[in-house]
Each structure stands twice: as C-alpha cells, then as structure tokens.
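I have placed the structure first, in the form of structure tokens, so that the comments after it can refer back to it.
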Amino acid sequence: MTGNLFAKPWLISLALLPGTIQAQKDTLHYSAVFNGPKPYRIFLPAEYEAQPAKKYPVIYYFHGNKGDHRLPFDGVASLVDSSAVILVCWNGRSVPEDDRPYNIGYHSNINYAVQFKDYFPELVHHIDSSYRTQPDRIHRAVIGHSMGGFMSFFLAGKYPDMISAAVNSKGSPEFFVGMHARHTLYQQRHMFRNLKGLHLRFQNGGPDEELVHLNTEVHKAASQEPFLHYDYEAYGGPHELNFEQFRDAFRFTAEALKHPLPKPDRWHHADIYPEFDIWGYHVTSNLKTPGFIELRGVTTGGLTTMTRKWQPDGGGIPGTELHIKTSPLYRPNTNYTLLDFNRQADTIRLQTVTTDASGALRFSTDYQPHVFGIYNKNSPPEVVLADFQAAGGKHLLPHQQPATLRLRLLNRGGKTARGLSIKLSTTTPGVSIQNPHLQLREIPAGQLAWSPAAFQVTAANEPPRDGSSPYIRFQVEIIDQEGHVWKDEFESLAMFNVPEFTEIGVDDGDSEIFGSGNGNNIAEPGETVMIYQYSHRTKLYFEDPYIESEKLHDDLQPDKWGDGYALSSLIRISKDCPPGHVIRFLACYEVKEWKTIKRNVTWGTFSITVGGK
C-alpha cells in the first residue's frame with residue numbers, strides 16, 4: 001500500500017480533507033524535486049479549525065545532523081497556540097537512510113544532484129496551497145539548528161524575497177554547497193550582505209561548545225555589517241538544541257513576523273548557482289566552475305555586476321557571460337539609456353535599450369566588474385562609488401600611519417548632481433578618518449569624477465588572530481543640494497605591520513601536487529607556485545601586476561568535527577614578468593585546536609624575487 005501511495009501523489013492530498021487535520025501531524029507530500037514522497041511534521045494552532053476564515057504566518061524548522069522532521073520537544077504545540085502561527089518541520093535527508101542532511105559539507109559529502117534550494121520553494125508552495133497560510137514573504141520565517149542553522153541563513157540569503165526572519169542556532173559556519181561536479185565554499189561570515197532586509201538572530205554556544213570559536217567569527221562579521229537587523233545570544237552547554245533555545249528562536253521569529261521589514265531600497269546578492277531569481281530579477285549564465293555571481297547596489301537606477309571565484313576577495317571567472325532581466329520597474333515599451341562602466345577596462349559605453357510590455361529590461365555582460373546605470377532624460381541623478389585609490393594608485397593601505405584615500409564617483413542617473421557632500425565612515429575598530437567630510441561641486445549625468453581632495457585615513461586595526469575578515473569596511477554617504485541621499489560601501493586591506501616570515505619555501509612543481517613548473521623551488525615567469533612558511537601553506541594578499549591569477553587550495557585540517565577549512569593560495573606568475581622583479585606579500589596561515597575547533601592564524605610579510613632565491 002505504501003508503494004502505491006508514493007506512486008500516486010494525488011492520493012496524499014486525501015490526508016488534508018476537512019475534519020482530518022490535527023494540531024500536530026506527521027504527513028507526506030509528493031515532491032517533484034525528489035521525484036517521490038517527502039515527510040514533514042506540521043503544527044497547527046488550536047483555533048485553526050474553529051476559525052475557517054483566518055490565515056496564518058508560517059515558520060519552517062530545519063533540523064541538524066542525524067535528525068529529521070520529528071521535532072523532539074514537548075511544549076511546541078503551546079508555542080504554536082500562543083503565537084497563532086503554523087510550524088512546519090521539514091525532512092532534510094536526500095534519501096531516507098542518509099543521516100547526514102542537505103547534501104552539503106566537504107567535497108566527499110556532496111553526493112546528490114538534487115538541491116535543497118530547489119526543494120524549499122516547492123515545500124512552501126505545497127504548504128501554502130494545502131493550508132490556510134498568509135502566503136507571502138512578510139509572513140514567513142525559518143529556524144535551524146547546527147547544519148539546519150547553516151541552511152536557515154543560506155536559504156534566507158538565497159530567498160530574501162520569500163523570507164522575512166531567520167534564526168541560526170549554533171549553525172555550521174561554512175560548507176561546500178552545490179552540484180557534485182561544481183560546488184562552492186559558502187562561508188557564512190562573508191555572506192551577510194545577502195541577508196539585509198531580514199530580522200536575524202544568531203544563537204551561539206558557550207565556552208566549551210565545539211563550534212563556539214568558529215561561530216564567534218560569524219558573529220563578529222554580523223556585528224560589523226552596517227544596516228543589518230541582528231540579534232545575538234550565547235548559551236552554555238553542549239552543541240545540542242534544548243527546548244529553551246528552540247523556544248527563544250521561535251518567539252523571536254513569531255514576534256518578527258508582526259513587524260516585518262520592507263524590501264530594501266538598495267540590495268546586494270551573491271549566488272553560487274548559474275541561474276537564479278532574486279527580488280524579481282532573473283539571471284542566467286554559462287557559469288561552469290565554482291564561484292559566485294554578484295549583483296551589488298541594486299536600485300531602480302542601476303546595479304553593479306561581477307563574478308568572484310570565492311568570497312570576499314576572489315578574482316573574476318573568465319569566460320562567464322551573464323544575462324539579466326530586471327524586475328518590471330520601468331515604463332513599458334519605453335527607451336532607456338543603459339550606461340555600462342567597465343571598471344577593469346576603465347571605459348564607459350552608452351546604448352539605448354527598450355523595456356518589454358511588463359516594464360522589464362534585458363541586457364548581457366561579461367565576468368568583469370561593471371557598473372550599470374538605467375535612466376532617461378527625466379531620471380534624477382544617482383551617484384555611486386565606482387572605485388577608490390590609496391597612495392601610489394593602489395588599493396592596499398599602509399598600516400599604523402596616515403594615508404590618503406580618494407574616491408571615484410559615477411553619476412549613473414539622468415541629471416547633473418550638484419553640491420555634493422561626501423561622508424566616509426567605518427565600522428572597523430582601530431581605523432580613524434581625520435577628515436570624514438569632503439565637498440564636490442558637481443558630476444554631470446553619465447560621467448565619472450574623483451574626489452577633489454583625499455580622505456586622511458590611519459589604519460591601526462589589528463590583524464585577526466582567527467578566521468575573521470582582515471578587511472576594513474568603509475561606508476560612503478553622498479548628499480546633493482537637492483537632498484538626494486546615496487549610500488555605498490567598499491573594503492580595503494591594510495598591509496599589516498607584522499613580523500617577516502623568514503623560512504620561505506616555494507613549491508613550483510616539485511611536490512607534483514600543487515605548483516607547476518620546473519621544480520627547482522624558485523619562482524620563475526610562467527610558473528604556478530604555492531608558498532610555505534615552515535611547513536604551512538599560506539594564504540596570500542598582494543597587489544602586483546605580474547601575478548596574473550590566483551586559486552585557492554582548501555584543507556580539512558584534523559579536528560573534532562571537520563568544520564572550518566584552511567585556505568592557501570596558488571599564484572601564477574606572468575610569462576612577461578622580468579627576472580629579478582620583487583613581489584611583496586602579506587600572508588597568513590592557520591592551524592586548529594582539536595576540542596573546540598579554534599582557528600589560530602599567524603600573519604607575516606615577505607618578498608620573493610622572480611628568478612632568484
């Protein structure tokens with residue numbers, strides 16, 4: 001009988017007929033994504049059947065490793081009743097016998113083609129069509145624990161247009177996600193831009209909990225992200241989720257659903273999949289390798305597009321082509337000017353584009369960073385950050401000494417922006433700005449302008465001793481004489497004043513694993529090299545025209561659980577690099593402690609001479 005039920009999905013709906021609904025129920029639905037039945041547990045408020053005209057918000061719960069949809073706590077029904085919401089607990093197993101959920105983890109853990117990012121919208125549609133829900137973003141929230149906590153923030157960042165609140169309880173901080181042949185490292189601490197416009201709560205463990213140090217890195221990142229609606233609590237005890245912690249997460253989301261945040265006027269999104277929809281935009285691409293497609297600073301007036309091999313600072317992915325259809329924000333069947341500033345080529349191209357009958361625009365671009373403006377003669381000005389420059393034309397800042405920082409601005413709107421006031425600020429401790437306000441007379445429509453003077457910045461921030469980002473977060477606020485306000489942001493890195501690494505080794509193919517070259521342990525033109533300090537592979541930071549590409553090698557260092565990946569750089573030196581050229585590096589390496597999976601990061605600087613020891 002079970003086999004016949006699974007083969008005929010229409011029979012499953014019989015469980016939903018009036019009179020059969022219970023306050024708590026384990027049931028099934030047919031999943032086209034999984035091509036078979038998927039179980040879930042649903043809790044309905046006690047008043048559900050007595051008020052047939054009332055519709056309810058929905059909270060989704062994602063279990064952790066070795067769990068399933070059967071939430072093990074007593075007292076859940078009382079929470080559901082008191083908040084008048086529906087609670088749905090999904091099953092995150094790719095196949096019933098697989099204890100490890102969600103098809104995520106290290107390379108060896110990704111074994112299935114089915115993606116849970118495809119199953120979540122399907123489950124939402126099933127719940128909304130089968131129960132009396134309020135079927136919109138502002139009445140939908142997610143909670144997850146451990147691996148489910150990772151999924152809570154991952155799916156909320158993937159679908160901020162479907163979810164308005166998310167709780168991550170002791171979540172895994174980073175996993176590889178995606179298809180078996182093309183999966184990407186997704187580190188929560190670098191992805192909070194995806195989560196703007198949501199109510200967020202992060203529940204960390206206590207001093208002896210296994211993931212507490214890695215998750216403190218996540219918390220630090222969230223705390224330094226501007227304009228984030230973020231709540232934090234640390235609990236004592238082990239990694240397990242107890243009822244008190246579940247209750248706090250549930251109450252947070254239930255209350256957040258009463259006070260939903262509006263869609264952000266300006267938003268960012270980074271996606272690991274070659275095709276995705278976000279806030280009414282549809283993006284397709286030929287992305288074939290691990291990496292990210294980014295849309296940044298998206299407004300009615302335009303957006304920035306780029307690709308990255310990794311977050312937060314990976315280079316572009318050559319050969320990738322992006323095709324973008326905007327949300328229907330514009331007048332239908334109307335001509336607009338599409339401004340395209342190619343940051344890498346330093347060129348501006350203008351073309352006329354026409355909206356379709358719905359008011360959407362279509363255009364294509366490549367893998368490089370492009371700033372697009374969309375305007376007509378009636379459009380107001382819109383000023384955005386196009387680039388920045390430290391002393392000597394570089395992006396790296398000196399450390400612990402005053403430095404200059406100039407901003408390059410682009411007016412991607414339809415009218416001249418006049419009487420501009422520019423304010424620079426930062427959320428990074430230890431960084432000061434001596435003159436945070438500058439003035440700029442005007443920027444004509446469709447043109448670039450450097451700030452007429454430089455900001456004076458002193459970067460005295462300390463290099464992180466864990467996996468926290470070393471980058472300085474700057475915020476820019478621009479106001480014109482008409483009262484228009486535009487906000488932007490960027491990151492810069494200080495060349496930390498740290499000790500020199502002295503025991504440098506170069507792998508240029510002698511290991512037959514990493515580098516490639518003649519194997520003589522000397523970095524030479526055209527070779528790909530990995531650089532060691534003692535026996536430690538290093539992650540490199542640099543700004544040199546003769547390093548033509550970089551890729552990362554990931555290590556799963558021995559630890560208790562296998563969370564937190566050590567990354568090291570493989571760099572390719574251009575064939576055109578002159579022998580004797582000196583390349584200066586900032587570098588770090590990490591080791592991990594066993595019990596609490598703590599990253600200990602050591603920083604240093606060094607130089608190599610191409611063609612010399």
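By convention here, the chains of the structure tokens are called A, B, ... in the order presented, each chain's residues are numbered starting at 1, and ligands are numbered starting at 1 in the order presented.
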Env of Ser511 (chain A): 12 Å cut, atoms = only C-alpha atoms, seq-sep filter 4 positions within chain, self excluded. Answer as a list in words.
Gly505, Val506, Asp507, Gly515, Ser516, Gly517, Asn518, Gly519, Asn520, Asn521, Val529, Met530 and Ile531 of chain A
May I have the selected residues written with N, CA, C and O atoms, as an mmCIF file, in the first residue's frame?
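File produced: result.cif:
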data_model
loop_
_atom_site.group_PDB
_atom_site.id
_atom_site.type_symbol
_atom_site.label_atom_id
_atom_site.label_comp_id
_atom_site.auth_asym_id
_atom_site.auth_seq_id
_atom_site.Cartn_x
_atom_site.Cartn_y
_atom_site.Cartn_z
ATOM 1 N N GLY A 505 59.424 28.672 1.624
ATOM 2 C CA GLY A 505 59.628 27.608 0.646
ATOM 3 C C GLY A 505 58.703 27.800 -0.538
ATOM 4 O O GLY A 505 57.572 28.267 -0.389
ATOM 5 N N VAL A 506 59.177 27.467 -1.728
ATOM 6 C CA VAL A 506 58.415 27.642 -2.958
ATOM 7 C C VAL A 506 58.185 26.281 -3.597
ATOM 8 O O VAL A 506 59.145 25.556 -3.902
ATOM 9 N N ASP A 507 56.913 25.930 -3.778
ATOM 10 C CA ASP A 507 56.556 24.705 -4.493
ATOM 11 C C ASP A 507 56.181 25.100 -5.921
ATOM 12 O O ASP A 507 55.131 25.681 -6.157
ATOM 13 N N GLY A 515 52.056 23.173 -7.033
ATOM 14 C CA GLY A 515 52.612 24.058 -8.041
ATOM 15 C C GLY A 515 52.924 23.338 -9.340
ATOM 16 O O GLY A 515 52.891 22.116 -9.442
ATOM 17 N N SER A 516 53.236 24.141 -10.366
ATOM 18 C CA SER A 516 53.650 23.572 -11.649
ATOM 19 C C SER A 516 54.747 24.442 -12.231
ATOM 20 O O SER A 516 54.628 25.659 -12.314
ATOM 21 N N GLY A 517 55.822 23.812 -12.603
ATOM 22 C CA GLY A 517 56.987 24.499 -13.157
ATOM 23 C C GLY A 517 58.117 23.507 -13.274
ATOM 24 O O GLY A 517 57.892 22.291 -13.418
ATOM 25 N N ASN A 518 59.340 24.011 -13.172
ATOM 26 C CA ASN A 518 60.490 23.109 -13.342
ATOM 27 C C ASN A 518 60.927 22.435 -12.050
ATOM 28 O O ASN A 518 61.863 21.631 -12.051
ATOM 29 N N GLY A 519 60.267 22.755 -10.938
ATOM 30 C CA GLY A 519 60.542 22.049 -9.691
ATOM 31 C C GLY A 519 61.847 22.395 -9.017
ATOM 32 O O GLY A 519 62.315 21.632 -8.162
ATOM 33 N N ASN A 520 62.425 23.554 -9.333
ATOM 34 C CA ASN A 520 63.703 23.909 -8.710
ATOM 35 C C ASN A 520 63.529 24.785 -7.475
ATOM 36 O O ASN A 520 64.500 25.315 -6.940
ATOM 37 N N ASN A 521 62.277 24.954 -7.026
ATOM 38 C CA ASN A 521 61.946 25.732 -5.825
ATOM 39 C C ASN A 521 62.282 27.212 -5.944
ATOM 40 O O ASN A 521 62.504 27.905 -4.941
ATOM 41 N N VAL A 529 52.875 28.726 -8.412
ATOM 42 C CA VAL A 529 53.613 28.374 -7.202
ATOM 43 C C VAL A 529 52.721 28.448 -5.973
ATOM 44 O O VAL A 529 51.758 29.224 -5.924
ATOM 45 N N MET A 530 53.052 27.619 -4.995
ATOM 46 C CA MET A 530 52.498 27.718 -3.651
ATOM 47 C C MET A 530 53.654 28.041 -2.730
ATOM 48 O O MET A 530 54.752 27.476 -2.876
ATOM 49 N N ILE A 531 53.409 28.935 -1.779
ATOM 50 C CA ILE A 531 54.487 29.413 -0.922
ATOM 51 C C ILE A 531 54.216 28.987 0.514
ATOM 52 O O ILE A 531 53.098 29.126 1.028
#
Among region 8-109 of chain A, which ones does DSSP assign to helix (DSSP H, G or I) (computed from the backbone)? Answer as a ChimeraX atom specification.
/A:9-16,76-83,107-109
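With distances restricted to only C-alpha atoms, A:Asn111 is the closest residue to Arg182 (chain A) from A:Asn111, A:Ile504, A:Ala234, A:Asn600.
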Distance query Tyr112 (chain A) at most 12 Å, only C-alpha atoms, self and fewer than 5 positions along chain excluded, as a PDB file with N, CA and C atoms, in the first residue's frame:
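The resulting out13.pdb:
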ATOM      1  N   VAL A  33      10.763  17.629  -7.056  1.00  0.00           N
ATOM      2  CA  VAL A  33      12.219  17.820  -6.969  1.00  0.00           C
ATOM      3  C   VAL A  33      12.896  16.503  -6.646  1.00  0.00           C
ATOM      4  N   PHE A  34      12.367  15.775  -5.681  1.00  0.00           N
ATOM      5  CA  PHE A  34      12.946  14.491  -5.280  1.00  0.00           C
ATOM      6  C   PHE A  34      12.326  13.310  -6.028  1.00  0.00           C
ATOM      7  N   ARG A  93      16.816  15.039   4.627  1.00  0.00           N
ATOM      8  CA  ARG A  93      17.626  13.920   4.128  1.00  0.00           C
ATOM      9  C   ARG A  93      17.417  13.760   2.625  1.00  0.00           C
ATOM     10  N   SER A  94      18.517  13.648   1.915  1.00  0.00           N
ATOM     11  CA  SER A  94      18.421  13.460   0.463  1.00  0.00           C
ATOM     12  C   SER A  94      17.796  12.123   0.129  1.00  0.00           C
ATOM     13  N   VAL A  95      18.136  11.098   0.910  1.00  0.00           N
ATOM     14  CA  VAL A  95      17.485   9.793   0.839  1.00  0.00           C
ATOM     15  C   VAL A  95      17.189   9.377   2.268  1.00  0.00           C
ATOM     16  N   ASP A  98      20.016   8.284   4.719  1.00  0.00           N
ATOM     17  CA  ASP A  98      21.207   9.120   4.831  1.00  0.00           C
ATOM     18  C   ASP A  98      21.086   9.999   6.068  1.00  0.00           C
ATOM     19  N   PRO A 101      22.319  15.390   6.501  1.00  0.00           N
ATOM     20  CA  PRO A 101      21.312  16.057   5.667  1.00  0.00           C
ATOM     21  C   PRO A 101      21.894  17.081   4.692  1.00  0.00           C
ATOM     22  N   TYR A 102      21.059  17.512   3.766  1.00  0.00           N
ATOM     23  CA  TYR A 102      21.201  18.708   2.948  1.00  0.00           C
ATOM     24  C   TYR A 102      22.231  18.628   1.828  1.00  0.00           C
ATOM     25  N   ASN A 103      22.939  17.497   1.714  1.00  0.00           N
ATOM     26  CA  ASN A 103      23.869  17.346   0.588  1.00  0.00           C
ATOM     27  C   ASN A 103      24.909  18.464   0.583  1.00  0.00           C
ATOM     28  N   ILE A 104      25.428  18.798   1.761  1.00  0.00           N
ATOM     29  CA  ILE A 104      26.418  19.858   1.923  1.00  0.00           C
ATOM     30  C   ILE A 104      27.535  19.352   2.820  1.00  0.00           C
ATOM     31  N   HIS A 107      34.000  18.093   0.266  1.00  0.00           N
ATOM     32  CA  HIS A 107      33.818  17.563  -1.088  1.00  0.00           C
ATOM     33  C   HIS A 107      33.176  16.168  -1.076  1.00  0.00           C
ATOM     34  N   VAL A 177      28.664  23.889  -1.046  1.00  0.00           N
ATOM     35  CA  VAL A 177      27.273  23.729  -1.460  1.00  0.00           C
ATOM     36  C   VAL A 177      27.223  23.718  -2.978  1.00  0.00           C
ATOM     37  N   GLY A 178      26.321  22.908  -3.540  1.00  0.00           N
ATOM     38  CA  GLY A 178      26.118  22.912  -4.982  1.00  0.00           C
ATOM     39  C   GLY A 178      26.105  21.515  -5.555  1.00  0.00           C
ATOM     40  N   MET A 179      26.294  21.445  -6.873  1.00  0.00           N
ATOM     41  CA  MET A 179      26.289  20.175  -7.563  1.00  0.00           C
ATOM     42  C   MET A 179      27.587  19.413  -7.271  1.00  0.00           C
ATOM     43  N   HIS A 180      27.541  18.104  -7.466  1.00  0.00           N
ATOM     44  CA  HIS A 180      28.709  17.278  -7.170  1.00  0.00           C
ATOM     45  C   HIS A 180      29.930  17.733  -7.968  1.00  0.00           C
ATOM     46  N   ALA A 181      29.735  18.078  -9.229  1.00  0.00           N
ATOM     47  CA  ALA A 181      30.863  18.457 -10.081  1.00  0.00           C
ATOM     48  C   ALA A 181      31.181  19.946 -10.003  1.00  0.00           C
ATOM     49  N   ARG A 182      30.359  20.738  -9.307  1.00  0.00           N
ATOM     50  CA  ARG A 182      30.598  22.181  -9.264  1.00  0.00           C
ATOM     51  C   ARG A 182      30.011  22.742  -7.974  1.00  0.00           C
ATOM     52  N   HIS A 183      30.760  22.576  -6.902  1.00  0.00           N
ATOM     53  CA  HIS A 183      30.289  23.105  -5.634  1.00  0.00           C
ATOM     54  C   HIS A 183      31.258  24.166  -5.112  1.00  0.00           C
TER      55      HIS A 183
END
The residue from A:Glu442, A:Asp208, A:Glu294, A:Asp68 with the smallest atom-to-atom distance to Ala270 (chain A), counting only C-alpha atoms, is A:Glu294
Would you please extract all strand (DSSP E or B) residues from region 21-199 of chain A, as assigned by DSSP on the backbone, and give them as JSON, numbers by chain?
{"A": [24, 25, 26, 27, 28, 29, 30, 31, 36, 37, 38, 39, 40, 41, 42, 43, 56, 58, 59, 60, 61, 62, 86, 87, 88, 89, 90, 105, 133, 140, 141, 142, 143, 144, 145, 165, 166, 167, 168, 169, 174, 175, 176, 177, 178, 179, 182, 183, 184, 185, 186, 187, 199]}
